[in-house]
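S.K.: One file is attached below, coords09.cif, containing mmCIF, C-alpha atoms.
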data_entry
loop_
_atom_site.label_atom_id
_atom_site.label_comp_id
_atom_site.auth_asym_id
_atom_site.auth_seq_id
_atom_site.Cartn_x
_atom_site.Cartn_y
_atom_site.Cartn_z
CA MET A 27 0.00 0.00 0.00
CA THR A 28 2.51 2.57 1.17
CA ARG A 29 6.20 2.39 1.91
CA PHE A 30 5.59 2.06 5.62
CA LEU A 31 2.77 -0.46 5.44
CA PRO A 32 3.30 -2.68 2.39
CA PHE A 33 1.10 -5.42 3.87
CA PRO A 34 -1.47 -3.75 6.11
CA ARG A 35 -3.38 -6.95 6.86
CA VAL A 36 -0.28 -8.91 7.79
CA SER A 37 0.93 -6.05 9.97
CA PHE A 38 -2.43 -5.89 11.72
CA CYS A 39 -2.34 -9.64 12.34
CA LEU A 40 1.17 -9.34 13.80
CA LEU A 41 0.00 -6.61 16.17
CA ALA A 42 -3.00 -8.73 17.22
CA LEU A 43 -0.69 -11.73 17.68
CA TRP A 44 1.64 -9.74 19.91
CA LEU A 45 -1.19 -8.41 22.07
CA LEU A 46 -2.76 -11.87 22.35
CA LEU A 47 0.56 -13.46 23.33
CA ASN A 48 1.20 -10.86 26.01
CA GLN A 49 -2.45 -10.88 27.10
CA ALA A 50 -2.30 -7.18 27.74
CA VAL A 51 -3.48 -4.09 25.90
CA THR A 52 -1.27 -1.44 27.46
CA ILE A 53 0.35 1.49 25.70
CA GLY A 54 3.77 -0.12 26.00
CA HIS A 55 2.68 -3.37 24.40
CA VAL A 56 0.71 -1.59 21.67
CA LEU A 57 3.81 0.45 20.80
CA LEU A 58 6.06 -2.62 20.82
CA GLY A 59 3.50 -4.52 18.76
CA CYS A 60 3.37 -1.67 16.24
CA VAL A 61 7.15 -1.79 15.86
CA ILE A 62 7.01 -5.56 15.28
CA ALA A 63 4.14 -5.17 12.83
CA LEU A 64 6.01 -2.51 10.82
CA VAL A 65 9.29 -4.43 10.76
CA GLY A 66 7.52 -7.70 9.92
CA GLY A 67 5.68 -6.05 7.05
CA ARG A 68 8.95 -4.65 5.71
CA PHE A 69 10.59 -8.10 5.89
CA LEU A 70 7.82 -9.52 3.71
CA THR A 71 8.67 -7.14 0.86
CA VAL A 72 12.01 -8.98 0.54
CA LEU A 73 10.08 -12.14 -0.41
CA GLU A 74 8.37 -10.29 -3.30
CA LEU A 75 5.02 -11.93 -2.71
CA PRO A 76 2.37 -11.63 -5.38
CA SER A 77 -0.28 -9.22 -4.22
CA THR A 78 -3.85 -10.31 -3.81
CA ARG A 79 -7.17 -8.99 -2.67
CA VAL A 80 -9.50 -10.86 -0.39
CA ARG A 81 -12.90 -10.28 -1.83
CA ARG A 82 -16.12 -11.04 -0.07
CA PRO A 83 -15.10 -11.70 3.55
CA GLY A 84 -18.61 -13.02 4.13
CA VAL A 85 -17.88 -15.96 1.84
CA LEU A 86 -14.63 -16.53 3.74
CA LEU A 87 -16.52 -16.80 7.02
CA ARG A 88 -19.03 -19.19 5.47
CA LEU A 89 -16.20 -21.30 4.10
CA LEU A 90 -14.53 -21.44 7.53
CA GLY A 91 -17.81 -22.58 9.09
CA LEU A 92 -18.17 -25.24 6.40
CA VAL A 93 -14.60 -26.43 7.01
CA ALA A 94 -15.15 -26.58 10.78
CA ILE A 95 -18.17 -28.84 10.26
CA ASP A 96 -16.26 -31.01 7.80
CA ILE A 97 -13.32 -31.35 10.20
CA ILE A 98 -15.60 -32.57 12.99
CA ARG A 99 -17.44 -34.95 10.66
CA SER A 100 -14.29 -36.45 9.19
CA ASN A 101 -12.70 -36.73 12.65
CA LEU A 102 -15.62 -38.96 13.61
CA ALA A 103 -15.42 -40.88 10.34
CA VAL A 104 -11.68 -41.56 10.60
CA GLY A 105 -12.01 -42.40 14.29
CA ARG A 106 -14.64 -44.97 13.40
CA ILE A 107 -12.38 -46.49 10.74
CA ILE A 108 -9.45 -46.69 13.16
CA LEU A 109 -11.49 -48.34 15.89
CA GLY A 110 -12.85 -50.76 13.32
CA PHE A 111 -16.56 -49.93 13.45
CA GLY A 112 -18.66 -50.38 10.36
CA ARG A 113 -16.88 -53.42 8.97
CA ARG A 114 -16.72 -53.25 5.27
CA GLN A 115 -13.96 -53.51 2.78
CA ARG A 116 -12.24 -50.14 2.93
CA LYS A 117 -10.11 -48.97 0.08
CA SER A 118 -7.77 -46.01 0.10
CA GLY A 119 -6.33 -44.43 -2.98
CA PHE A 120 -5.32 -41.39 -4.94
CA VAL A 121 -7.72 -39.04 -6.65
CA ASN A 122 -6.78 -36.58 -9.37
CA ILE A 123 -8.78 -33.39 -9.35
CA PRO A 124 -8.58 -30.84 -12.16
CA LEU A 125 -8.60 -27.40 -10.54
CA ASP A 126 -9.50 -24.01 -11.99
CA MET A 127 -7.76 -22.25 -9.14
CA ARG A 128 -4.39 -20.66 -9.98
CA ASN A 129 -4.09 -18.07 -7.23
CA PRO A 130 -1.24 -19.17 -4.88
CA TYR A 131 -3.05 -17.94 -1.77
CA GLY A 132 -6.18 -19.82 -2.74
CA LEU A 133 -4.14 -22.97 -3.35
CA ALA A 134 -2.37 -22.56 -0.01
CA MET A 135 -5.69 -22.25 1.74
CA LEU A 136 -7.03 -25.29 -0.08
CA ALA A 137 -3.93 -27.19 1.10
CA CYS A 138 -4.64 -26.17 4.70
CA ILE A 139 -8.26 -27.24 4.38
CA ILE A 140 -7.53 -30.60 2.77
CA THR A 141 -4.73 -31.47 5.18
CA SER A 142 -6.65 -30.34 8.26
CA THR A 143 -9.52 -32.58 7.32
CA PRO A 144 -8.65 -36.10 8.49
CA GLY A 145 -9.17 -38.62 5.74
CA THR A 146 -7.90 -36.44 2.92
CA LEU A 147 -4.31 -35.54 2.21
CA TRP A 148 -2.74 -33.08 -0.21
CA VAL A 149 -0.15 -35.02 -2.19
CA ASN A 150 0.89 -33.01 -5.20
CA PHE A 151 -0.21 -30.11 -7.36
CA ASP A 152 0.85 -30.05 -10.97
CA ALA A 153 0.88 -26.33 -11.73
CA GLU A 154 1.21 -26.81 -15.50
CA LYS A 155 -1.78 -29.09 -15.91
CA GLY A 156 -3.66 -27.67 -12.95
CA LEU A 157 -4.05 -31.17 -11.59
CA LEU A 158 -4.28 -31.72 -7.86
CA MET A 159 -3.55 -35.16 -6.45
CA ILE A 160 -5.00 -36.04 -3.07
CA HIS A 161 -4.98 -39.23 -1.09
CA VAL A 162 -8.27 -40.37 0.37
CA LEU A 163 -8.42 -42.81 3.25
CA ASP A 164 -11.91 -44.10 2.58
CA LEU A 165 -12.34 -43.99 -1.17
CA VAL A 166 -15.78 -45.08 -2.28
CA ASP A 167 -16.52 -43.00 -5.33
CA GLU A 168 -13.81 -41.01 -7.06
CA ALA A 169 -16.21 -38.74 -8.94
CA GLU A 170 -17.99 -37.93 -5.69
CA TRP A 171 -14.73 -36.67 -4.15
CA ILE A 172 -13.89 -34.55 -7.19
CA ARG A 173 -17.34 -33.04 -7.10
CA SER A 174 -17.31 -32.34 -3.38
CA ILE A 175 -13.85 -30.73 -3.33
CA LYS A 176 -14.72 -28.53 -6.28
CA GLN A 177 -18.21 -27.66 -5.11
CA ARG A 178 -17.61 -27.24 -1.40
CA TYR A 179 -14.19 -25.59 -1.33
CA GLU A 180 -12.90 -24.49 -4.69
CA ARG A 181 -16.04 -22.62 -5.68
CA HIS A 182 -15.87 -20.55 -2.50
CA LEU A 183 -12.12 -19.98 -2.79
CA LEU A 184 -12.51 -18.81 -6.39
CA GLU A 185 -15.12 -16.32 -5.22
CA ILE A 186 -12.77 -15.05 -2.52
CA PHE A 187 -9.48 -14.83 -4.38
CA GLU A 188 -10.21 -14.48 -8.10
CA MET B 14 -0.69 -23.98 42.94
CA ASN B 15 -2.59 -21.03 41.51
CA GLY B 16 -5.81 -21.88 43.26
CA ILE B 17 -7.16 -24.76 41.20
CA GLU B 18 -9.37 -25.50 44.24
CA HIS B 19 -11.16 -22.18 43.66
CA LEU B 20 -12.53 -23.48 40.37
CA PRO B 21 -16.34 -23.77 40.61
CA PRO B 22 -17.68 -27.31 40.07
CA TRP B 23 -19.33 -26.60 36.71
CA ALA B 24 -16.08 -25.21 35.29
CA ALA B 25 -14.07 -28.08 36.74
CA ALA B 26 -16.46 -30.61 35.19
CA LEU B 27 -16.41 -28.84 31.82
CA THR B 28 -12.62 -28.62 31.84
CA ALA B 29 -12.29 -32.28 32.76
CA LEU B 30 -14.73 -33.28 30.03
CA LEU B 31 -12.89 -31.24 27.38
CA VAL B 32 -9.45 -32.50 28.40
CA PHE B 33 -10.76 -36.07 28.39
CA ALA B 34 -12.35 -35.65 24.97
CA GLY B 35 -9.14 -34.17 23.57
CA ALA B 36 -7.09 -37.00 25.04
CA VAL B 37 -9.43 -39.65 23.62
CA VAL B 38 -9.37 -38.13 20.13
CA THR B 39 -5.59 -37.88 20.18
CA LEU B 40 -5.30 -41.44 21.47
CA VAL B 41 -7.52 -42.72 18.67
CA GLY B 42 -5.35 -40.86 16.18
CA SER B 43 -2.19 -42.38 17.60
CA LEU B 44 -3.84 -45.81 17.55
CA GLY B 45 -4.51 -45.29 13.87
CA LEU B 46 -0.82 -44.61 13.34
CA LEU B 47 -0.22 -48.05 14.80
CA ARG B 48 -3.03 -49.92 13.04
CA PHE B 49 -2.89 -48.68 9.47
CA GLY B 50 -0.71 -50.55 7.05
CA THR B 51 0.77 -48.24 4.44
CA PHE B 52 2.55 -44.94 4.80
CA TYR B 53 -0.13 -42.91 3.03
CA GLU B 54 -2.84 -44.31 5.31
CA ARG B 55 -0.74 -43.70 8.38
CA VAL B 56 -0.30 -40.01 7.64
CA HIS B 57 -4.07 -39.55 7.98
CA ALA B 58 -4.29 -40.74 11.56
CA PRO B 59 -2.35 -38.07 13.50
CA THR B 60 -4.44 -35.29 11.95
CA LEU B 61 -7.12 -36.26 14.46
CA GLY B 62 -4.83 -35.07 17.22
CA THR B 63 -3.75 -31.93 15.41
CA THR B 64 -7.32 -30.82 14.70
CA LEU B 65 -10.08 -31.86 17.09
CA GLY B 66 -7.71 -33.08 19.82
CA THR B 67 -5.92 -29.73 19.97
CA VAL B 68 -9.20 -27.82 19.81
CA PHE B 69 -10.60 -29.72 22.80
CA VAL B 70 -7.50 -29.30 24.95
CA ALA B 71 -7.20 -25.61 24.04
CA ALA B 72 -10.89 -25.10 24.84
CA ALA B 73 -10.35 -26.76 28.21
CA SER B 74 -7.45 -24.41 28.91
CA ILE B 75 -9.55 -21.39 27.87
CA VAL B 76 -12.42 -22.40 30.16
CA CYS B 77 -10.19 -23.22 33.13
CA PHE B 78 -8.03 -20.11 33.12
CA SER B 79 -10.78 -17.71 32.05
CA VAL B 80 -12.81 -18.76 35.08
CA LEU B 81 -9.83 -18.79 37.45
CA GLN B 82 -8.63 -15.32 36.42
CA SER B 83 -12.15 -13.92 35.84
CA ARG B 84 -11.16 -12.51 32.45
CA PRO B 85 -11.13 -13.98 28.95
CA VAL B 86 -7.90 -15.90 28.35
CA LEU B 87 -7.81 -16.43 24.61
CA HIS B 88 -4.21 -16.87 23.52
CA GLU B 89 -4.79 -20.64 23.17
CA ILE B 90 -6.58 -19.79 19.94
CA LEU B 91 -3.14 -19.06 18.51
CA ILE B 92 -2.14 -22.69 19.07
CA ILE B 93 -5.07 -23.88 16.98
CA GLY B 94 -4.53 -21.27 14.27
CA LEU B 95 -0.79 -21.76 13.92
CA GLY B 96 -1.21 -25.54 14.06
CA VAL B 97 -3.71 -25.51 11.20
CA VAL B 98 -1.45 -23.28 9.12
CA THR B 99 1.79 -25.22 9.71
CA THR B 100 0.80 -28.90 9.64
CA PRO B 101 0.22 -28.95 5.86
CA ILE B 102 3.88 -27.99 5.34
CA ALA B 103 5.23 -30.91 7.37
CA LEU B 104 2.75 -33.38 5.89
CA THR B 105 3.30 -32.25 2.32
CA VAL B 106 7.07 -32.62 2.71
CA LEU B 107 6.64 -36.11 4.21
CA VAL B 108 4.25 -37.23 1.49
CA GLY B 109 6.47 -35.69 -1.19
CA ALA B 110 9.42 -37.70 0.12
CA ALA B 111 7.34 -40.90 0.13
CA ARG B 112 6.16 -40.25 -3.42
CA PHE B 113 9.71 -39.60 -4.58
CA ARG B 114 10.83 -42.89 -3.05
CA ASP B 115 7.91 -44.76 -4.63
CA THR B 116 8.55 -43.42 -8.12
CA ALA B 117 12.29 -44.13 -7.75
CA GLU B 118 11.55 -47.72 -6.75
CA GLN B 119 9.08 -48.16 -9.58
CA SER B 120 11.53 -46.94 -12.21
CA ALA B 121 14.22 -49.17 -10.67
CA GLN B 122 11.89 -52.16 -11.04
CA ALA B 123 11.01 -51.21 -14.59
CA HIS B 124 14.68 -51.14 -15.51
CA GLY B 125 15.16 -54.74 -14.46
CA PRO B 126 16.31 -56.70 -11.45
CA GLU B 127 19.78 -55.17 -11.42
CA GLY B 128 18.24 -51.92 -10.28
CA ASP B 129 17.25 -53.48 -6.97
#
Would you put the structure from the file into structure tokens?

M.R.:
Amino acid sequence: MTRFLPFPRVSFCLLALWLLLNQAVTIGHVLLGCVIALVGGRFLTVLELPSTRVRRPGVLLRLLGLVAIDIIRSNLAVGRIILGFGRRQRKSGFVNIPLDMRNPYGLAMLACIITSTPGTLWVNFDAEKGLLMIHVLDLVDEAEWIRSIKQRYERHLLEIFE
Amino acid sequence: MNGIEHLPPWAAALTALLVFAGAVVTLVGSLGLLRFGTFYERVHAPTLGTTLGTVFVAAASIVCFSVLQSRPVLHEILIIGLGVVTTPIALTVLVGAARFRDTAEQSAQAHGPEGD
């Protein structure tokens, strides 16, 4: 944005992080936090990150809610598999998903979502072909997984980042 | 030590329940690490502990110390947030290494028995 605050959101998060860690909102800590936020923001310019805009924060909140529900559900599902309930022949395997997403921040967030959800695992993303490979613990229907990843997560992430 | 006996019964019960739930979820995840057969399946199991297990234990800590100190103690949220953001890096590196090994072994097999 400006020379002093190249990444205003990151700097704000650093300030919030500092205040949370110290559990105090005093003038001294706010000043210290501001210094850390400014210096941290300046450090990021060295990395030459591609800039992005987060559009539609409402969609972001909805996506986070959706992910929270999915994490709880898949925790239960994987727990059941581990403890051996619901005896049936379980098959795990790789699924290739063609993605439309190219934004690096969107992809990073998708990686966080897929890895945080037990039962699915980010394996590889082929940037040239736009092909994402995930590993699924309980693979019943490959097309169903492709549909659900694209519909539940990628659609929202595209709205937010592109 | 810092007045754990001053904790009202409802908060003590809630804290105990949350800690227990977190411990059970993490235990189940660790059990999965033991029970699954292949590497790719095994990587799935510990994510139980890093997601719901951590959330439960952090929630227990928030409840316990917020009640004890009569003010919101929220910095445990950072543990959850930073955990969610950093686990993909470790897991992706692990899985990448496994995939590299698999493809190397496959090409060695394709080139004949001398590549063993």

S.K.: Contacts from chain B to chain A, 8 Å maximum, only C-alpha atoms: show me the residue list as a PyMOL selection string.

M.R.: chain B and resi 38+41-42+44-45+48-49+53-54+57-58+60-61+63-65+86-88+91+97-98+100-101+104-105+108-109

S.K.: Please produce a file of the residues just selected, as a short mmCIF file (atom, residue, chain, number, x, y, z; two decimals), keeping the file's coordinate frame, where the atoms kept are C-alpha atoms.

M.R.:
data_model
loop_
_atom_site.label_atom_id
_atom_site.label_comp_id
_atom_site.auth_asym_id
_atom_site.auth_seq_id
_atom_site.Cartn_x
_atom_site.Cartn_y
_atom_site.Cartn_z
CA VAL B 38 -9.37 -38.13 20.13
CA VAL B 41 -7.52 -42.72 18.67
CA GLY B 42 -5.35 -40.86 16.18
CA LEU B 44 -3.84 -45.81 17.55
CA GLY B 45 -4.51 -45.29 13.87
CA ARG B 48 -3.03 -49.92 13.04
CA PHE B 49 -2.89 -48.68 9.47
CA TYR B 53 -0.13 -42.91 3.03
CA GLU B 54 -2.84 -44.31 5.31
CA HIS B 57 -4.07 -39.55 7.98
CA ALA B 58 -4.29 -40.74 11.56
CA THR B 60 -4.44 -35.29 11.95
CA LEU B 61 -7.12 -36.26 14.46
CA THR B 63 -3.75 -31.93 15.41
CA THR B 64 -7.32 -30.82 14.70
CA LEU B 65 -10.08 -31.86 17.09
CA VAL B 86 -7.90 -15.90 28.35
CA LEU B 87 -7.81 -16.43 24.61
CA HIS B 88 -4.21 -16.87 23.52
CA LEU B 91 -3.14 -19.06 18.51
CA VAL B 97 -3.71 -25.51 11.20
CA VAL B 98 -1.45 -23.28 9.12
CA THR B 100 0.80 -28.90 9.64
CA PRO B 101 0.22 -28.95 5.86
CA LEU B 104 2.75 -33.38 5.89
CA THR B 105 3.30 -32.25 2.32
CA VAL B 108 4.25 -37.23 1.49
CA GLY B 109 6.47 -35.69 -1.19
#

S.K.: Leaving out Leu184 (chain A) and any residue of its chain fewer than 3 positions from it, which residues lie within 12 Å of it when counting all atoms listed in the file, given as a VMD selection string?

M.R.: chain A and resid 79 to 82 85 to 86 89 125 to 133 135 to 136 176 to 181 187 to 188

S.K.: Any chance you could resolve the PyMOL selection byres ((chain B and resi 18-30) around 10) against this file and give the residues as a ChimeraX atom specification?

M.R.: /B:14-17,31-36,69-82

S.K.: Looking at only C-alpha atoms, which of A:Leu158, A:Pro76, A:Leu87, A:Val36 is the one that sits closest to Ile62 (chain A)?

M.R.: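 Smallest separation from Ile62 (chain A) among the options: A:Val36.
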
S.K.: So the first atom is CA of Val121 (chain A) and the second is CA of Ala169 (chain A); what is the distance between them in Å, to one decimal place?

M.R.: 8.8 Å

S.K.: Let me know the residues the PyMOL selection byres ((chain A and resi 32) around 12) catches in the file above, as a list in words.

M.R.: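 Taken over the shown coordinates, the PyMOL selection byres ((chain A and resi 32) around 12) returns Met27, Thr28, Arg29, Phe30, Leu31, Phe33, Pro34, Arg35, Val36, Ser37, Phe38, Ala63, Leu64, Val65, Gly66, Gly67, Arg68, Phe69, Leu70, Thr71, Val72, Leu73, Glu74, Leu75, Pro76 and Ser77 of chain A.
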
S.K.: In Å to one decimal, how far is CA of Lys117 (chain A) from CA of Ala103 (chain A)?

M.R.: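 Computing it gives 14.1 Å between the two atoms.
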
S.K.: So what do you get for CA of Glu185 (chain A) versus CA of Lys155 (chain A), distance-wise?

M.R.: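 It comes out at 21.3 Å.
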
S.K.: Could N, CA and C atoms be built for region 22-34 of chain B and written out as a compact mmCIF listing (two decimals), keeping the file's coordinate frame?

M.R.:
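Once written, part-v5.txt looks like this:
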# COMPACT_ATOMS: atom_id res chain seq x y z
N PRO B 22 -17.47 -25.92 40.56
CA PRO B 22 -17.68 -27.31 40.07
C PRO B 22 -18.04 -27.39 38.60
N TRP B 23 -18.91 -26.48 38.12
CA TRP B 23 -19.33 -26.60 36.71
C TRP B 23 -18.13 -26.41 35.78
N ALA B 24 -17.24 -25.46 36.14
CA ALA B 24 -16.08 -25.21 35.29
C ALA B 24 -15.11 -26.38 35.37
N ALA B 25 -14.97 -26.94 36.58
CA ALA B 25 -14.07 -28.08 36.74
C ALA B 25 -14.57 -29.26 35.90
N ALA B 26 -15.89 -29.49 35.94
CA ALA B 26 -16.46 -30.61 35.19
C ALA B 26 -16.27 -30.38 33.69
N LEU B 27 -16.54 -29.15 33.24
CA LEU B 27 -16.41 -28.84 31.82
C LEU B 27 -14.97 -29.00 31.36
N THR B 28 -14.04 -28.49 32.19
CA THR B 28 -12.62 -28.62 31.84
C THR B 28 -12.21 -30.08 31.74
N ALA B 29 -12.65 -30.86 32.75
CA ALA B 29 -12.29 -32.28 32.76
C ALA B 29 -12.83 -32.98 31.52
N LEU B 30 -14.09 -32.65 31.19
CA LEU B 30 -14.73 -33.28 30.03
C LEU B 30 -13.96 -32.95 28.74
N LEU B 31 -13.58 -31.66 28.60
CA LEU B 31 -12.89 -31.24 27.38
C LEU B 31 -11.50 -31.87 27.29
N VAL B 32 -10.78 -31.89 28.41
CA VAL B 32 -9.45 -32.50 28.40
C VAL B 32 -9.56 -33.98 28.05
N PHE B 33 -10.57 -34.64 28.65
CA PHE B 33 -10.76 -36.07 28.39
C PHE B 33 -11.08 -36.30 26.92
N ALA B 34 -11.98 -35.48 26.38
CA ALA B 34 -12.35 -35.65 24.97
C ALA B 34 -11.13 -35.45 24.07
